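Structure file coords_24.cif; described as mmCIF, C-alpha atoms.
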data_run
loop_
_atom_site.label_atom_id
_atom_site.label_comp_id
_atom_site.auth_asym_id
_atom_site.auth_seq_id
_atom_site.Cartn_x
_atom_site.Cartn_y
_atom_site.Cartn_z
CA MET A 1 20.75 -48.62 10.18
CA ARG A 2 21.69 -48.64 6.52
CA PHE A 3 18.10 -49.22 5.43
CA LEU A 4 16.44 -47.54 8.36
CA LEU A 5 17.14 -43.97 7.24
CA PRO A 6 15.87 -44.31 3.64
CA LEU A 7 12.90 -46.26 4.95
CA ALA A 8 12.07 -43.51 7.43
CA ALA A 9 12.41 -40.89 4.71
CA PHE A 10 10.18 -42.95 2.46
CA ILE A 11 7.51 -43.28 5.13
CA VAL A 12 7.56 -39.53 5.75
CA LEU A 13 7.23 -38.91 2.00
CA VAL A 14 4.31 -41.32 1.72
CA GLY A 15 2.70 -39.55 4.67
CA PHE A 16 2.96 -36.19 2.95
CA LEU A 17 1.62 -37.59 -0.30
CA ALA A 18 -1.28 -39.30 1.47
CA VAL A 19 -2.28 -36.02 3.10
CA GLY A 20 -1.83 -34.25 -0.21
CA LEU A 21 -4.16 -36.66 -1.95
CA GLY A 22 -6.90 -35.87 0.55
CA LEU A 23 -6.62 -32.10 0.15
CA LYS A 24 -9.02 -30.31 -2.13
CA PRO A 25 -7.20 -27.37 -3.67
CA ARG A 26 -10.41 -26.23 -5.32
CA GLU A 27 -12.04 -25.64 -1.97
CA ILE A 28 -10.68 -22.37 -0.75
CA PRO A 29 -11.88 -21.54 2.75
CA SER A 30 -14.15 -18.52 2.60
CA PRO A 31 -13.24 -15.55 4.78
CA LEU A 32 -16.97 -14.78 4.94
CA VAL A 33 -17.78 -17.68 7.25
CA GLY A 34 -18.61 -16.12 10.62
CA LYS A 35 -19.31 -12.75 9.04
CA PRO A 36 -22.66 -11.15 8.23
CA ALA A 37 -24.01 -12.32 4.89
CA PRO A 38 -23.79 -9.53 2.31
CA VAL A 39 -27.16 -7.87 1.89
CA PHE A 40 -28.79 -8.09 -1.51
CA GLN A 41 -31.96 -6.86 -3.09
CA SER A 42 -32.82 -8.49 -6.32
CA PRO A 43 -35.80 -9.31 -8.53
CA ARG A 44 -37.40 -12.70 -8.07
CA LEU A 45 -37.01 -15.20 -10.86
CA HIS A 46 -40.70 -16.05 -11.03
CA GLU A 47 -42.04 -12.55 -10.37
CA PRO A 48 -39.42 -10.16 -11.82
CA ASP A 49 -41.42 -7.14 -10.71
CA GLN A 50 -41.01 -8.14 -7.07
CA ILE A 51 -37.82 -7.52 -5.17
CA LEU A 52 -36.53 -9.83 -2.47
CA SER A 53 -34.27 -8.43 0.18
CA SER A 54 -32.01 -10.78 2.09
CA LYS A 55 -32.95 -8.76 5.19
CA ASP A 56 -36.42 -10.30 5.00
CA ASN A 57 -34.86 -13.55 6.11
CA LEU A 58 -33.56 -12.23 9.44
CA GLY A 59 -34.86 -14.30 12.30
CA LYS A 60 -34.72 -17.63 10.53
CA VAL A 61 -32.10 -20.11 9.50
CA TRP A 62 -31.93 -20.43 5.72
CA LEU A 63 -29.87 -21.83 2.93
CA LEU A 64 -28.68 -19.81 -0.02
CA ASN A 65 -27.98 -22.06 -2.97
CA VAL A 66 -26.17 -20.59 -5.96
CA TRP A 67 -27.30 -22.32 -9.14
CA ALA A 68 -27.64 -21.92 -12.88
CA SER A 69 -29.20 -23.83 -15.72
CA TRP A 70 -25.82 -24.04 -17.47
CA CYS A 71 -24.20 -25.59 -14.41
CA VAL A 72 -23.75 -29.31 -14.82
CA SER A 73 -22.96 -30.20 -11.20
CA CYS A 74 -26.11 -28.35 -10.12
CA ARG A 75 -28.07 -31.18 -11.68
CA GLU A 76 -26.13 -33.57 -9.49
CA GLU A 77 -27.22 -31.98 -6.22
CA HIS A 78 -30.67 -30.98 -7.36
CA PRO A 79 -32.61 -34.11 -6.34
CA LEU A 80 -31.17 -33.75 -2.82
CA LEU A 81 -32.30 -30.14 -2.61
CA VAL A 82 -35.78 -31.08 -3.82
CA GLU A 83 -35.96 -33.74 -1.14
CA LEU A 84 -34.66 -31.36 1.52
CA SER A 85 -37.25 -28.75 0.61
CA LYS A 86 -40.02 -31.35 0.82
CA SER A 87 -38.91 -32.26 4.33
CA GLY A 88 -39.52 -28.65 5.33
CA ILE A 89 -36.50 -28.60 7.63
CA VAL A 90 -35.08 -25.40 6.26
CA PRO A 91 -36.09 -22.91 3.55
CA ILE A 92 -33.81 -22.90 0.53
CA TYR A 93 -33.36 -19.66 -1.35
CA GLY A 94 -31.88 -19.80 -4.81
CA LEU A 95 -29.47 -17.37 -6.35
CA ASN A 96 -29.82 -17.82 -10.09
CA TYR A 97 -26.27 -16.93 -11.08
CA LYS A 98 -25.45 -15.50 -14.51
CA ASP A 99 -28.35 -17.19 -16.17
CA LYS A 100 -31.15 -16.35 -18.57
CA PRO A 101 -34.56 -16.29 -16.83
CA GLU A 102 -36.31 -18.29 -19.53
CA LEU A 103 -33.66 -21.04 -19.41
CA ALA A 104 -33.69 -21.02 -15.60
CA LEU A 105 -37.49 -21.38 -15.47
CA GLN A 106 -37.40 -24.16 -18.01
CA TRP A 107 -34.71 -25.92 -15.98
CA LEU A 108 -36.78 -25.70 -12.79
CA GLY A 109 -39.78 -27.03 -14.68
CA GLN A 110 -37.77 -30.00 -15.81
CA TYR A 111 -35.97 -30.93 -12.60
CA GLY A 112 -38.29 -29.54 -9.91
CA ASP A 113 -38.18 -26.33 -7.91
CA PRO A 114 -36.89 -26.70 -4.34
CA TYR A 115 -36.60 -22.96 -3.76
CA THR A 116 -38.82 -20.88 -1.54
CA VAL A 117 -37.77 -18.00 -3.75
CA SER A 118 -35.09 -17.67 -6.39
CA VAL A 119 -33.58 -14.29 -7.09
CA VAL A 120 -31.69 -13.42 -10.23
CA ASP A 121 -28.10 -12.28 -10.48
CA PRO A 122 -27.62 -11.96 -14.23
CA GLU A 123 -24.24 -10.23 -14.04
CA GLY A 124 -22.84 -12.15 -11.11
CA ARG A 125 -22.61 -9.09 -8.85
CA ILE A 126 -24.26 -10.67 -5.82
CA GLY A 127 -22.02 -13.61 -6.56
CA ILE A 128 -18.91 -11.44 -6.19
CA ASP A 129 -20.20 -10.11 -2.86
CA TYR A 130 -20.58 -13.67 -1.61
CA GLY A 131 -17.22 -14.76 -2.97
CA VAL A 132 -18.78 -17.21 -5.40
CA TYR A 133 -16.25 -18.67 -7.79
CA GLY A 134 -17.68 -22.03 -8.69
CA VAL A 135 -21.30 -22.98 -8.99
CA PRO A 136 -22.98 -24.66 -7.18
CA GLU A 137 -22.25 -23.17 -3.79
CA THR A 138 -24.44 -23.33 -0.73
CA TYR A 139 -24.39 -21.04 2.30
CA VAL A 140 -25.92 -21.74 5.68
CA ILE A 141 -27.08 -18.44 7.18
CA ASP A 142 -28.25 -18.13 10.76
CA LYS A 143 -31.03 -16.12 12.43
CA ASN A 144 -28.79 -13.08 12.79
CA GLY A 145 -27.88 -13.13 9.14
CA VAL A 146 -24.39 -14.52 9.73
CA ILE A 147 -22.88 -17.02 7.30
CA ARG A 148 -22.07 -20.14 9.30
CA HIS A 149 -20.96 -22.53 6.60
CA LYS A 150 -20.11 -22.52 2.94
CA GLN A 151 -20.32 -25.62 0.82
CA ILE A 152 -18.31 -25.37 -2.36
CA GLY A 153 -19.45 -27.67 -5.11
CA PRO A 154 -22.53 -29.87 -5.11
CA VAL A 155 -24.27 -30.80 -1.86
CA THR A 156 -23.91 -34.53 -1.24
CA ILE A 157 -25.70 -36.93 1.10
CA GLU A 158 -22.51 -37.08 3.12
CA SER A 159 -22.07 -33.32 3.45
CA LEU A 160 -25.76 -32.96 4.30
CA GLU A 161 -25.73 -35.58 7.03
CA LYS A 162 -22.34 -34.81 8.49
CA LYS A 163 -22.26 -31.04 8.37
CA ILE A 164 -25.22 -29.13 7.04
CA LEU A 165 -28.17 -30.80 8.80
CA PRO A 166 -26.53 -30.98 12.25
CA LEU A 167 -25.50 -27.34 11.90
CA ILE A 168 -29.02 -26.30 10.94
CA LYS A 169 -30.43 -28.18 13.92
CA GLU A 170 -27.96 -26.47 16.23
CA LEU A 171 -28.71 -23.04 14.80
CA GLN A 172 -32.47 -23.54 14.97
CA GLY A 173 -32.39 -24.85 18.50
CA MET B 1 20.03 -1.66 -69.90
CA THR B 2 23.00 -1.20 -67.60
CA PRO B 3 22.88 -3.00 -64.30
CA ASP B 4 22.53 0.35 -62.57
CA LEU B 5 19.44 1.29 -64.51
CA LEU B 6 17.95 -2.12 -63.95
CA ASN B 7 18.47 -1.66 -60.26
CA THR B 8 16.63 1.64 -60.18
CA CYS B 9 13.86 0.07 -62.16
CA VAL B 10 13.48 -2.74 -59.69
CA ARG B 11 13.62 -0.32 -56.82
CA LYS B 12 10.90 1.81 -58.33
CA LYS B 13 8.73 -1.24 -58.79
CA ILE B 14 9.23 -2.32 -55.24
CA THR B 15 8.40 1.15 -53.96
CA LEU B 16 5.25 1.18 -56.01
CA MET B 17 4.23 -2.21 -54.68
CA LEU B 18 4.84 -1.09 -51.13
CA ILE B 19 2.73 2.01 -51.64
CA LEU B 20 -0.05 -0.12 -53.10
CA ALA B 21 0.18 -2.56 -50.19
CA LEU B 22 -0.09 0.28 -47.68
CA MET B 23 -3.12 1.66 -49.46
CA SER B 24 -4.94 -1.65 -49.45
CA PRO B 25 -8.01 -1.64 -47.23
CA LEU B 26 -6.52 -4.29 -44.94
CA SER B 27 -3.67 -2.07 -43.86
CA TRP B 28 -6.15 0.61 -42.84
CA ALA B 29 -7.98 -1.69 -40.46
CA LYS B 30 -7.36 -0.65 -36.88
CA GLU B 31 -5.95 -2.94 -34.26
CA ALA B 32 -8.58 -4.77 -32.19
CA ALA B 33 -10.69 -2.16 -30.46
CA PRO B 34 -9.76 -1.74 -26.79
CA VAL B 35 -12.27 -3.24 -24.36
CA ALA B 36 -12.49 -0.16 -22.19
CA GLU B 37 -12.44 3.37 -23.42
CA ASP B 38 -9.99 4.66 -20.88
CA PRO B 39 -6.43 3.42 -21.49
CA VAL B 40 -5.21 4.72 -18.12
CA ILE B 41 -7.77 2.70 -16.20
CA GLU B 42 -7.14 -0.30 -18.40
CA LYS B 43 -3.43 -0.10 -17.62
CA ARG B 44 -4.01 0.17 -13.88
CA MET B 45 -6.52 -2.67 -14.02
CA LEU B 46 -4.02 -4.90 -15.80
CA ALA B 47 -1.21 -4.03 -13.40
CA LEU B 48 -3.48 -4.79 -10.46
CA SER B 49 -4.82 -8.03 -11.84
CA GLU B 50 -1.36 -9.36 -12.65
CA ASP B 51 -0.89 -9.90 -8.92
CA LEU B 52 -4.29 -11.46 -8.34
CA ARG B 53 -5.09 -15.11 -8.75
CA CYS B 54 -8.02 -16.42 -10.71
CA LEU B 55 -9.84 -18.80 -8.38
CA VAL B 56 -11.28 -20.89 -11.16
CA CYS B 57 -8.04 -21.69 -12.96
CA GLN B 58 -5.75 -21.38 -10.02
CA ASN B 59 -2.48 -21.20 -11.88
CA GLU B 60 -3.49 -18.14 -13.83
CA SER B 61 -3.58 -14.51 -12.86
CA LEU B 62 -6.76 -12.50 -13.20
CA ALA B 63 -5.04 -10.60 -15.99
CA GLY B 64 -4.15 -13.71 -17.93
CA SER B 65 -7.22 -15.84 -17.41
CA ARG B 66 -9.96 -16.13 -19.98
CA ALA B 67 -12.39 -17.68 -17.54
CA ASP B 68 -15.76 -16.00 -17.25
CA PHE B 69 -15.10 -15.48 -13.57
CA ALA B 70 -11.89 -13.55 -14.28
CA ASN B 71 -13.80 -11.44 -16.76
CA ASP B 72 -16.33 -10.50 -14.10
CA LEU B 73 -13.66 -9.57 -11.60
CA ARG B 74 -11.78 -7.52 -14.17
CA ARG B 75 -15.02 -5.66 -14.87
CA GLU B 76 -15.47 -5.10 -11.14
CA ILE B 77 -11.91 -3.76 -10.78
CA ARG B 78 -12.39 -1.50 -13.80
CA GLU B 79 -15.60 -0.08 -12.38
CA GLN B 80 -14.09 0.54 -8.98
CA LEU B 81 -11.10 2.27 -10.55
CA LYS B 82 -13.50 4.51 -12.45
CA GLU B 83 -15.16 5.37 -9.17
CA GLY B 84 -11.75 6.61 -8.07
CA LYS B 85 -10.88 3.87 -5.61
CA LYS B 86 -7.28 3.25 -4.67
CA ASP B 87 -5.50 0.01 -5.57
CA GLN B 88 -5.31 -1.03 -1.93
CA GLU B 89 -9.04 -0.49 -1.44
CA ILE B 90 -9.78 -2.79 -4.35
CA ILE B 91 -7.38 -5.43 -3.07
CA ASP B 92 -9.06 -5.25 0.35
CA PHE B 93 -12.45 -5.59 -1.34
CA LEU B 94 -11.36 -8.81 -3.03
CA VAL B 95 -9.59 -10.21 0.03
CA THR B 96 -12.67 -9.81 2.24
CA ARG B 97 -14.62 -11.88 -0.29
CA TYR B 98 -12.12 -14.42 -1.52
CA GLY B 99 -9.46 -14.48 1.19
CA ASP B 100 -5.68 -14.16 0.96
CA PHE B 101 -5.81 -16.85 -1.69
CA VAL B 102 -6.47 -14.25 -4.40
CA LEU B 103 -3.14 -12.62 -3.69
CA TYR B 104 -0.08 -13.89 -5.48
CA ASN B 105 1.89 -12.01 -2.88
CA PRO B 106 0.24 -12.99 0.41
CA PRO B 107 0.91 -11.02 3.61
CA ILE B 108 3.22 -12.47 6.26
CA LYS B 109 1.04 -13.58 9.16
CA PRO B 110 0.69 -16.72 11.33
CA THR B 111 -1.28 -18.68 8.71
CA THR B 112 1.30 -17.95 6.03
CA TYR B 113 4.48 -18.38 8.13
CA LEU B 114 5.00 -21.88 6.77
CA LEU B 115 4.57 -20.61 3.23
CA TRP B 116 7.14 -17.85 3.63
CA ILE B 117 9.64 -19.51 5.93
CA GLY B 118 9.18 -23.14 4.86
CA PRO B 119 11.52 -23.12 1.86
CA PHE B 120 14.35 -21.53 3.86
CA ALA B 121 13.78 -23.96 6.72
CA PHE B 122 14.04 -26.88 4.31
CA LEU B 123 17.19 -25.39 2.81
CA LEU B 124 18.75 -25.13 6.28
CA ILE B 125 17.74 -28.69 7.18
CA GLY B 126 19.17 -29.96 3.90
CA ALA B 127 22.43 -28.07 4.41
CA GLY B 128 22.69 -29.45 7.95
CA ILE B 129 22.17 -33.03 6.78
CA LEU B 130 24.74 -32.58 4.01
CA PHE B 131 27.28 -31.16 6.47
CA PHE B 132 26.95 -34.04 8.91
CA TYR B 133 26.93 -36.60 6.12
CA LEU B 134 30.16 -35.27 4.67
CA LYS B 135 31.76 -35.16 8.10
CA MET B 136 30.77 -38.77 8.75
CA ARG B 137 32.00 -39.93 5.38
CA ARG B 138 35.41 -38.35 5.80
CA ARG B 139 35.83 -40.35 8.97
CA GLN B 140 34.85 -43.54 7.15
CA VAL B 141 37.07 -42.91 4.15
CA GLU B 142 40.24 -42.37 6.21
CA GLU B 143 42.48 -45.38 5.51
CA PRO B 144 43.31 -47.47 8.53
CA PRO B 145 47.09 -47.95 8.86
CA LEU B 146 48.47 -51.33 7.68
CA THR B 147 49.92 -53.78 10.10
CA GLU B 148 53.50 -54.99 9.73
CA ASP B 149 52.34 -58.28 8.21
CA GLN B 150 50.08 -56.60 5.66
CA HIS B 151 52.94 -54.33 4.65
CA ARG B 152 55.23 -57.23 3.88
CA HIS B 153 52.48 -59.03 2.02
CA ALA B 154 51.76 -56.00 -0.12
CA GLU B 155 55.40 -55.49 -0.93
CA SER B 156 55.85 -59.07 -2.02
CA LEU B 157 52.79 -58.78 -4.25
CA LEU B 158 54.18 -55.63 -5.87
CA LYS B 159 57.54 -57.30 -6.51
CA GLU B 160 55.88 -60.28 -8.05
CA ASP B 161 53.94 -58.01 -10.39
CA LYS B 162 57.12 -56.24 -11.52
CA GLY B 163 58.81 -59.55 -12.26
CA ASN B 164 55.93 -60.64 -14.46
CA ASN B 165 55.99 -57.47 -16.47
CA ALA B 166 59.71 -57.61 -17.23
#
Could I get this file's structure written as structure tokens?
Amino acid sequence: MRFLLPLAAFIVLVGFLAVGLGLKPREIPSPLVGKPAPVFQSPRLHEPDQILSSKDNLGKVWLLNVWASWCVSCREEHPLLVELSKSGIVPIYGLNYKDKPELALQWLGQYGDPYTVSVVDPEGRIGIDYGVYGVPETYVIDKNGVIRHKQIGPVTIESLEKKILPLIKELQG
Amino acid sequence: MTPDLLNTCVRKKITLMLILALMSPLSWAKEAAPVAEDPVIEKRMLALSEDLRCLVCQNESLAGSRADFANDLRREIREQLKEGKKDQEIIDFLVTRYGDFVLYNPPIKPTTYLLWIGPFAFLLIGAGILFFYLKMRRRQVEEPPLTEDQHRHAESLLKEDKGNNA
């Protein structure tokens, strides 16, 4: 009994700490999940004289990937996105966030361009509408234009296989 | 020169030096130019962003953070204030995009019950444990009465001690 109580308290403490270690305080759940994706109209990166409206994507499942040439972790996820785009499972649209077009184009030339279309957001205004606070971020948007999932930080093989791909399959079905 | 005269002399010199210092070009330089032209809006923006959290550096307020992200949001708040929006409208705008997490003063609702009530609950639990612990200890500390034999033994020991000291 003398050791039982401190031991129990210790185990409870370790339990709390173990859970705490697994939490990711950087990943703040987005209130936009389950809500219609904010509509944007913005010039394309490759053809600045053409405007892309997010409404054009109604009726299909698509990914919106927020990226920038200055973003280091974007490089981390980039090969995966290139591979995903080659598979043709889902179109990936890029939101070139607070970037310079010439640097962005050079970056795509160097690492490959997985995007069906990239639109530019030089001042981060579309970013604010989508609640972007750390690049890269990836949104899964369904046929009705509703955000179904938000990935904060780089897409990984694990997050693709466990969450994003099954969700896309379900939404496309 | 009498000390008095010397004093006036020194004083005059000091005054002259002060005047010269004030006239130097440096002293004419203005303070850093304000970022926005309108001081009223700037003041409201600062007051508002004191209570909002920067999501990039989570321990800083939007007002205090130098992150690029905080800059953008401050610009957004400034613009919306210029459009004549109310503080609450701007807070709602940010909460729909970033969630309650941006608020340093989150609303009381089921998801934040633990946050608001938790500390008091822990205080109560702690006070309860302390109360029972003290009660238990008092019972343990109470001296059990000595038996007749122990009494005699103790007395003889005390006597012996006195004898030694004398």
(request) Run the PyMOL selection byres ((chain B) within 10 of (chain A)) on the file and write out the hits as a VMD selection string. (result) chain B and resid 54 to 58 68 to 70 72 to 73 76 93 to 102
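Atom pair atom CA of Leu84 of chain A / atom CA of Glu158 of chain A has a distance of 13.5 Å (rounded to one decimal).
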(request) Name the residues in contact with segment 117-133 of chain B at a cut-off of 10 Å, using only C-alpha atoms, excluding same-chain residues fewer than 5 positions from it; report them as a PyMOL selection string. (result) chain B and resi 108+112+138
(request) For the structure provided, state which residues fall under the PyMOL selection byres ((chain A and resi 47) around 12), and present them as a PyMOL selection string. (result) chain A and resi 42-46+48-52+101+105+117-120
(request) Can you work out the spacing between atom CA of Val135 of chain A and atom CA of Cys74 of chain A in Å, to one decimal? (result) 7.3 Å
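Every protein, DNA or RNA residue with an atom at most 7 Å from Asp121 of chain A, where all atoms listed in the file count and chain neighbours fewer than 5 positions away do not, is listed here: Leu95, Asn96, Tyr97, Lys98 and Ile126 of chain A.
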Could those residues be written to a file, using C-alpha atoms, as a PDB file, in the frame of the given file?
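Done, and the output landed in again_24.pdb:
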ATOM      1  CA  LEU A  95     -29.470 -17.370  -6.350  1.00  0.00           C
ATOM      2  CA  ASN A  96     -29.820 -17.820 -10.090  1.00  0.00           C
ATOM      3  CA  TYR A  97     -26.270 -16.930 -11.080  1.00  0.00           C
ATOM      4  CA  LYS A  98     -25.450 -15.500 -14.510  1.00  0.00           C
ATOM      5  CA  ILE A 126     -24.260 -10.670  -5.820  1.00  0.00           C
TER       6      ILE A 126
END
(request) Please measure the separation of atom CA of Lys86 of chain A and atom CA of Arg148 of chain A, giving the value in Å to one decimal. (result)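 Atom CA of Arg148 of chain A lies at a distance of 22.8 Å from atom CA of Lys86 of chain A.
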Would you pick out the contacts of segment 81-83 of chain B at 12 Å or less, using only C-alpha atoms, so that residues sharing its chain but fewer than 3 positions from it are not included, and give the list as a PDB file with C-alpha atoms, in the coordinates of the input?
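Writing done, so here's selection.pdb:
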ATOM      1  CA  ALA B  36     -12.490  -0.160 -22.190  1.00  0.00           C
ATOM      2  CA  GLU B  37     -12.440   3.370 -23.420  1.00  0.00           C
ATOM      3  CA  ASP B  38      -9.990   4.660 -20.880  1.00  0.00           C
ATOM      4  CA  PRO B  39      -6.430   3.420 -21.490  1.00  0.00           C
ATOM      5  CA  VAL B  40      -5.210   4.720 -18.120  1.00  0.00           C
ATOM      6  CA  ILE B  41      -7.770   2.700 -16.200  1.00  0.00           C
ATOM      7  CA  GLU B  42      -7.140  -0.300 -18.400  1.00  0.00           C
ATOM      8  CA  LYS B  43      -3.430  -0.100 -17.620  1.00  0.00           C
ATOM      9  CA  ARG B  44      -4.010   0.170 -13.880  1.00  0.00           C
ATOM     10  CA  MET B  45      -6.520  -2.670 -14.020  1.00  0.00           C
ATOM     11  CA  LEU B  46      -4.020  -4.900 -15.800  1.00  0.00           C
ATOM     12  CA  LEU B  48      -3.480  -4.790 -10.460  1.00  0.00           C
ATOM     13  CA  ARG B  74     -11.780  -7.520 -14.170  1.00  0.00           C
ATOM     14  CA  ARG B  75     -15.020  -5.660 -14.870  1.00  0.00           C
ATOM     15  CA  GLU B  76     -15.470  -5.100 -11.140  1.00  0.00           C
ATOM     16  CA  ILE B  77     -11.910  -3.760 -10.780  1.00  0.00           C
ATOM     17  CA  ARG B  78     -12.390  -1.500 -13.800  1.00  0.00           C
ATOM     18  CA  LYS B  86      -7.280   3.250  -4.670  1.00  0.00           C
ATOM     19  CA  ASP B  87      -5.500   0.010  -5.570  1.00  0.00           C
ATOM     20  CA  GLN B  88      -5.310  -1.030  -1.930  1.00  0.00           C
ATOM     21  CA  GLU B  89      -9.040  -0.490  -1.440  1.00  0.00           C
ATOM     22  CA  ILE B  90      -9.780  -2.790  -4.350  1.00  0.00           C
ATOM     23  CA  ILE B  91      -7.380  -5.430  -3.070  1.00  0.00           C
TER      24      ILE B  91
END
(request) Let me know the residues the PyMOL selection byres ((chain A and resi 157) around 12) catches in the file above, as a PyMOL selection string. (result) chain A and resi 76-81+83-84+154-156+158-165
